[in-house]
Structures are given as structure tokens and as C-alpha cells.
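Source file: protein-v4.tsv; contents: TSV, C-alpha atoms and all ligand atoms.
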chain	number	residue	atom	x	y	z
M	268	MET	CA	70.74	129.32	97.94
M	269	SER	CA	67.16	128.77	99.06
M	270	PRO	CA	66.32	125.52	100.93
M	271	LEU	CA	64.37	124.22	97.92
M	272	GLY	CA	67.34	124.93	95.63
M	273	HIS	CA	69.64	122.98	97.95
M	274	TYR	CA	67.25	120.02	98.00
M	275	ILE	CA	66.88	120.00	94.20
M	276	THR	CA	70.64	120.07	93.59
M	277	ALA	CA	71.31	117.44	96.30
M	278	LEU	CA	68.62	115.15	94.88
M	279	GLY	CA	70.28	115.59	91.48
M	280	LEU	CA	73.59	114.63	93.04
M	281	GLY	CA	72.05	111.60	94.76
M	282	LEU	CA	70.41	110.24	91.62
M	283	SER	CA	73.45	111.04	89.51
M	284	GLY	CA	75.67	109.23	92.04
M	285	ALA	CA	73.31	106.24	92.18
M	286	ALA	CA	73.30	106.01	88.39
M	287	THR	CA	77.11	106.25	88.24
M	288	ILE	CA	77.60	103.64	90.97
M	289	GLY	CA	74.92	101.34	89.57
M	290	GLY	CA	76.45	101.56	86.10
M	291	GLU	CA	75.11	99.12	83.55
M	292	TYR	CA	72.73	97.57	86.04
M	293	TYR	CA	71.09	100.90	86.72
M	294	TRP	CA	70.57	101.68	83.05
M	295	GLU	CA	68.99	98.30	82.47
M	296	HIS	CA	66.65	98.27	85.44
M	297	GLY	CA	65.99	101.86	86.56
M	298	HIS	CA	65.23	103.42	89.93
M	299	LEU	CA	62.40	101.21	91.08
M	300	ARG	CA	64.37	98.03	90.68
M	301	ILE	CA	67.18	99.64	92.70
M	302	LEU	CA	64.71	100.22	95.52
M	303	THR	CA	63.45	96.62	95.61
M	304	ASP	CA	66.99	95.26	95.20
M	305	THR	CA	68.14	97.36	98.13
M	306	VAL	CA	65.38	95.96	100.32
M	307	ARG	CA	66.35	92.43	99.23
M	308	TRP	CA	70.03	93.13	99.90
M	309	ILE	CA	69.20	94.40	103.41
M	310	GLY	CA	67.11	91.27	104.03
M	311	ASP	CA	69.85	88.93	102.75
M	312	SER	CA	72.65	90.66	104.59
M	313	PHE	CA	71.07	91.24	107.97
M	314	ALA	CA	68.39	88.56	108.30
M	315	VAL	CA	69.97	85.69	106.35
M	316	GLY	CA	73.47	86.84	107.24
M	317	GLN	CA	74.85	86.58	103.73
M	318	SER	CA	74.21	88.22	100.42
M	319	HIS	CA	75.42	86.94	97.07
M	320	ARG	CA	74.19	90.00	95.24
M	321	THR	CA	76.55	92.65	94.05
M	322	PRO	CA	75.53	95.50	96.35
M	323	TYR	CA	75.80	98.25	93.71
M	324	ALA	CA	72.06	98.92	93.76
M	325	ALA	CA	72.12	99.22	97.55
M	326	ILE	CA	75.25	101.38	97.54
M	327	GLY	CA	73.66	103.78	95.07
M	328	PHE	CA	70.51	103.93	97.15
M	329	PHE	CA	72.37	104.65	100.40
M	330	PHE	CA	74.42	107.33	98.67
M	331	ALA	CA	71.26	109.10	97.44
M	332	PHE	CA	69.63	108.69	100.87
M	333	GLY	CA	72.61	110.36	102.59
M	334	ALA	CA	72.67	113.14	100.00
M	335	ILE	CA	69.15	114.25	100.93
M	336	PHE	CA	70.22	114.64	104.55
M	337	GLY	CA	73.40	116.48	103.63
M	338	ALA	CA	71.55	118.94	101.38
M	339	ARG	CA	71.04	121.56	104.06
M	340	ALA	CA	73.49	120.32	106.70
M	341	PRO	CA	75.73	123.43	106.59
M	342	ASP	CA	72.70	125.70	107.18
M	343	LEU	CA	71.01	123.52	109.80
M	344	LEU	CA	74.22	123.12	111.81
M	345	GLU	CA	74.24	126.88	112.22
M	346	ARG	CA	70.64	127.30	113.32
M	347	PRO	CA	69.72	128.48	116.82
M	348	PHE	CA	67.87	125.24	117.63
M	349	LEU	CA	71.28	123.81	118.39
M	350	ALA	CA	71.92	126.66	120.81
M	351	PHE	CA	71.57	124.40	123.82
M	352	VAL	CA	74.81	122.78	122.78
M	353	ARG	CA	77.01	125.74	123.52
M	354	MET	CA	79.96	124.23	121.67
M	355	VAL	CA	78.02	123.96	118.43
M	356	ARG	CA	76.64	127.45	118.58
M	357	VAL	CA	79.56	129.16	116.86
M	358	ILE	CA	76.86	130.55	114.68
M	359	GLY	CA	75.80	133.35	112.43
M	360	TYR	CA	74.74	132.58	108.88
M	361	ARG	CA	77.57	131.06	106.87
M	362	ALA	CA	79.82	130.54	109.80
M	363	LEU	CA	81.81	127.47	110.87
M	364	ALA	CA	79.72	124.88	108.96
M	365	HIS	CA	80.26	126.84	105.73
M	366	THR	CA	84.07	126.72	105.87
M	367	PRO	CA	85.79	124.12	103.62
M	368	TRP	CA	88.14	122.99	106.40
M	369	PHE	CA	85.23	122.08	108.72
M	370	TRP	CA	84.01	119.54	106.12
M	371	THR	CA	87.56	118.41	105.40
M	372	VAL	CA	87.91	117.48	109.07
M	373	LEU	CA	84.63	115.51	108.91
M	374	SER	CA	85.50	113.87	105.57
M	375	LEU	CA	88.94	112.51	106.49
M	376	PRO	CA	87.81	109.85	109.02
M	377	VAL	CA	85.14	108.65	106.58
M	378	ALA	CA	87.73	108.39	103.78
M	379	TRP	CA	89.98	106.45	106.16
M	380	LEU	CA	87.13	104.08	107.10
M	381	ALA	CA	86.31	103.50	103.44
M	382	LEU	CA	89.84	102.18	102.88
M	383	GLN	CA	89.65	99.63	105.72
M	384	PRO	CA	88.98	95.96	104.92
M	385	ALA	CA	85.90	96.10	107.17
M	386	ALA	CA	84.31	98.57	104.72
M	387	ASN	CA	82.54	95.64	103.03
M	388	ASP	CA	80.72	94.43	106.14
M	389	PRO	CA	77.02	95.08	105.57
M	390	ALA	CA	76.53	97.42	108.58
M	391	MET	CA	79.71	99.32	107.73
M	392	LEU	CA	78.72	99.52	104.07
M	393	VAL	CA	75.37	101.10	104.96
M	394	PHE	CA	76.98	103.61	107.33
M	395	LEU	CA	79.78	104.46	104.92
M	396	TRP	CA	77.65	105.10	101.87
M	397	VAL	CA	75.06	107.14	103.76
M	398	ALA	CA	77.97	109.15	105.21
M	399	ILE	CA	79.61	109.54	101.79
M	400	GLY	CA	76.32	110.76	100.29
M	401	PHE	CA	75.82	113.13	103.22
M	402	LEU	CA	79.31	114.58	102.89
M	403	ALA	CA	79.11	114.84	99.10
M	404	ALA	CA	75.88	116.84	99.42
M	405	ALA	CA	77.40	119.07	102.10
M	406	TRP	CA	80.36	119.77	99.80
M	407	LEU	CA	77.93	120.50	96.97
M	408	HIS	CA	76.08	122.90	99.31
M	409	LEU	CA	79.34	124.78	99.90
M	410	ALA	CA	80.09	124.85	96.18
M	411	VAL	CA	76.59	126.13	95.44
M	412	ASP	CA	76.84	128.85	98.13
M	413	PHE	CA	80.26	129.73	96.69
M	414	PHE	CA	78.46	130.93	93.55
M	415	SER	CA	76.03	133.17	95.46
M	416	VAL	CA	76.42	136.84	96.25
M	417	GLY	CA	78.34	136.83	99.54
M	418	GLY	CA	80.20	133.57	98.96
M	419	ILE	CA	81.44	131.39	101.81
M	420	PRO	CA	83.96	132.08	104.60
M	421	TRP	CA	87.41	130.88	103.59
M	422	LEU	CA	89.13	130.18	106.91
M	423	LYS	CA	87.52	132.01	109.79
M	424	PRO	CA	83.77	131.66	110.43
M	425	ARG	CA	82.25	134.99	109.41
M	426	GLY	CA	85.72	136.08	108.30
M	427	THR	CA	86.89	136.91	104.80
M	428	THR	CA	84.63	135.30	102.21
M	429	ILE	CA	85.43	133.85	98.81
M	430	GLY	CA	83.00	133.30	95.98
M	431	VAL	CA	81.76	134.11	92.52
M	432	SER	CA	78.55	136.15	92.43
M	433	VAL	CA	76.49	134.26	89.86
M	434	TYR	CA	73.10	134.44	91.58
M	435	GLU	CA	71.30	136.09	94.48
M	436	ASN	CA	69.91	133.98	97.32
M	437	GLY	CA	66.19	133.28	97.13
M	438	SER	CA	65.69	134.89	93.72
M	439	VAL	CA	64.94	133.49	90.27
M	440	SER	CA	68.62	134.01	89.44
M	441	GLU	CA	69.29	130.76	91.37
M	442	LEU	CA	68.21	129.01	88.17
M	443	LEU	CA	71.41	130.30	86.55
M	444	LEU	CA	73.21	127.72	88.65
M	445	ILE	CA	70.53	125.06	89.19
M	446	VAL	CA	69.80	124.43	85.50
M	447	PRO	CA	73.40	123.85	84.28
M	448	LEU	CA	74.13	121.86	87.44
M	449	LEU	CA	71.20	119.50	86.87
M	450	ALA	CA	72.23	119.12	83.22
M	451	MET	CA	75.74	118.16	84.35
M	452	GLN	CA	74.40	115.72	86.96
M	453	PHE	CA	72.35	114.02	84.30
M	454	ALA	CA	75.13	114.03	81.71
M	455	VAL	CA	77.93	112.55	83.84
M	456	PRO	CA	76.44	109.08	84.49
M	457	TYR	CA	74.93	109.03	81.00
M	458	PHE	CA	78.24	109.60	79.22
M	459	ILE	CA	80.08	107.23	81.54
M	460	GLN	CA	77.62	104.56	80.49
M	461	HIS	CA	77.36	105.56	76.82
M	462	PRO	CA	80.82	106.99	76.11
M	463	TYR	CA	80.57	106.95	72.30
M	464	GLN	CA	76.96	107.98	71.79
M	465	PHE	CA	76.82	111.73	71.42
L	501	ZN	ZN	74.30	127.55	103.04
Could you quickly redo this structure as C-alpha cells?
Ligand SMILES: [Zn+2]
Amino acid sequence: MSPLGHYITALGLGLSGAATIGGEYYWEHGHLRILTDTVRWIGDSFAVGQSHRTPYAAIGFFFAFGAIFGARAPDLLERPFLAFVRMVRVIGYRALAHTPWFWTVLSLPVAWLALQPAANDPAMLVFLWVAIGFLAAAWLHLAVDFFSVGGIPWLKPRGTTIGVSVYENGSVSELLLIVPLLAMQFAVPYFIQHPYQF
């Protein structure tokens, strides 16, 4: 998918995640309140040393923040500007950073951290939810590329690819995926919050 397409779908994921995490609070107060509440939570937690607020607003914000950075991570990790790090330059479009196992390896330590008791410490909470947003967007990137002509490498970088050819990269046909995806991202938190209102 084109860079813009990746950013649009990742932003959708971020906002959808924030709305799901924020739950009732989010639907009552909206995005702007989440922003100011996050700033207040950061102030309370790091300057005052204690916050009595439920950090849902902040968690949702950090998740969305991470998602923006994860939007193009699989592509950027394979760009030549990282060539000076020989180890990273495994390269070629849709190589190592487009394999599902690469992101599985990165996701496992974060999942493990999230289950530790220290996961509620303010600094850890910020790191964790930015990381979770980042990883979620990277997984979405893989899923989105999976639906493009060419697909993604299954096991070996640049090896056999898997995928469903729904759209062609960089063409209007990307909308065939973007539109239903955005609709889904909007619908999920809405129906979680309003389960009986169809
Ligand atoms: Zn890609």
C-alpha cells in the first residue's frame, strides 16, 4: 500500500483503539478531553508522583501515538538509510520486516512485560502502550500488504509470498481495502459501547 494509505489505516486503528480503551469516558468527552486528560495524567504521575485518575484516557492516547509510528515501520526498516547498520540491511522491498515471525519475535517481550506487576508504573505504562500501539500498527501494515498484489513473504525474506490480491499498490484500487477497513475501525468501538443500538 502507498505511504498515505498506511498512515490513514494506522490512524484509524489508533483512534479506534483509543475509543475502545477509553470506553464510556471517551464517548462522553471526546478526543480533545482525552488530550488534556493525558497531559494532566503525565503531570500528576511524573511531577506530583501520584495520580488518582483512571489512566484510560492516557492509555488510549499513547496507543494512538504509537500506532502512527508503527504505520510504516515494516517499510522503513527495509530502507537503504539503515544500510550503515549492516545487520539491519537484510533488505529488498518486503523482506525481513514484512515476515509475520519477525513481528512475533518483537511482540513477545512486550506481551511478557504487559503481564508483569510493574506494568502499572507510570513510566512503564507509557512505554508499554506506545509499544503496543506501534506493534498493532505494524501488524496492521502486514495485514494490509497481505491484501495487495504480491502479498508478503511467509517465512523467508523475499521467499515464497502469501496474500490475496485485492488491490494494486499505489492505485485507486487501494480504496477497496481502505474504505471497509475504516468502516470496521469505526464500528468496533461504537458497537462495544452501544451494543443494542443498531
Ligand atoms: Zn509494506
Quick one: residues within 9 Å of ligand ZN 501 (chain L), with all atoms listed in the file, as a list in words? Met268, Ser269, Pro270, His273, Arg339, Ala340, Pro341, Asp342, Leu343, Tyr360, Arg361, Ala364, His365, His408, Leu409, Val411, Asp412, Phe413 and Ile419 of chain M
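Counting only C-alpha atoms and comparing M:Thr366, M:Ala324, M:Gly279, M:Ala378, the residue that lies closest to His296 (chain M) is M:Ala324.
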Identify which of the residues M:Val455, M:Gly272, M:Thr303, M:Arg346 lies closest to Glu435 (chain M), counting all atoms listed in the file when measuring atom-to-atom distances.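 Ranked by minimum distance to Glu435 (chain M), first place goes to M:Gly272.
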Contact residues around Val433 (chain M) with all atoms listed in the file at 8 Å, ignoring same-chain residues under 5 positions, as a list in words: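 Close residues of Val433 (chain M): Phe414, Ser415, Val416, Ser440, Leu443 and Leu444 of chain M.
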What gap, in Å, lies between CA of Phe330 (chain M) and CA of Glu345 (chain M)? 23.8 Å
Shell of 6 Å around Phe401 (chain M), only C-alpha atoms, local chain residues under 3 positions omitted, as number ranges by chain: M: 333-334, 336-337, 398, 404
Keeping only C-alpha atoms, write those residues as an mmCIF file, in the coordinates of the input.
data_model
loop_
_atom_site.group_PDB
_atom_site.id
_atom_site.type_symbol
_atom_site.label_atom_id
_atom_site.label_comp_id
_atom_site.auth_asym_id
_atom_site.auth_seq_id
_atom_site.Cartn_x
_atom_site.Cartn_y
_atom_site.Cartn_z
ATOM 1 C CA GLY M 333 72.610 110.360 102.590
ATOM 2 C CA ALA M 334 72.670 113.140 100.000
ATOM 3 C CA PHE M 336 70.220 114.640 104.550
ATOM 4 C CA GLY M 337 73.400 116.480 103.630
ATOM 5 C CA ALA M 398 77.970 109.150 105.210
ATOM 6 C CA ALA M 404 75.880 116.840 99.420
#
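Residue nearest Ala381 (chain M) within the list M:Trp368, M:Thr287, M:Trp396, M:Thr276: M:Trp396 [criterion: smallest interatomic distance, only C-alpha atoms].
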When you look at Phe328 (chain M) with a cut-off of 12 Å (counting only C-alpha atoms), what residues show up, excluding the ones that are within fewer than 6 positions of it in the same chain? I need them as a PyMOL selection string. chain M and resi 278+280-289+293+297-306+308-309+322+334-335+392-393+396-397+399-400
Please measure the separation of CA of Gly316 (chain M) and CA of Pro389 (chain M), giving the value in Å to one decimal.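 The value is 9.1 Å.
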Minimum-distance residue to Glu291 (chain M), chosen among M:Ile459, M:Val431, M:Pro367, M:Asn436 (using only C-alpha atoms):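 Checking each candidate against Glu291 (chain M), we get M:Ile459 as the closest.
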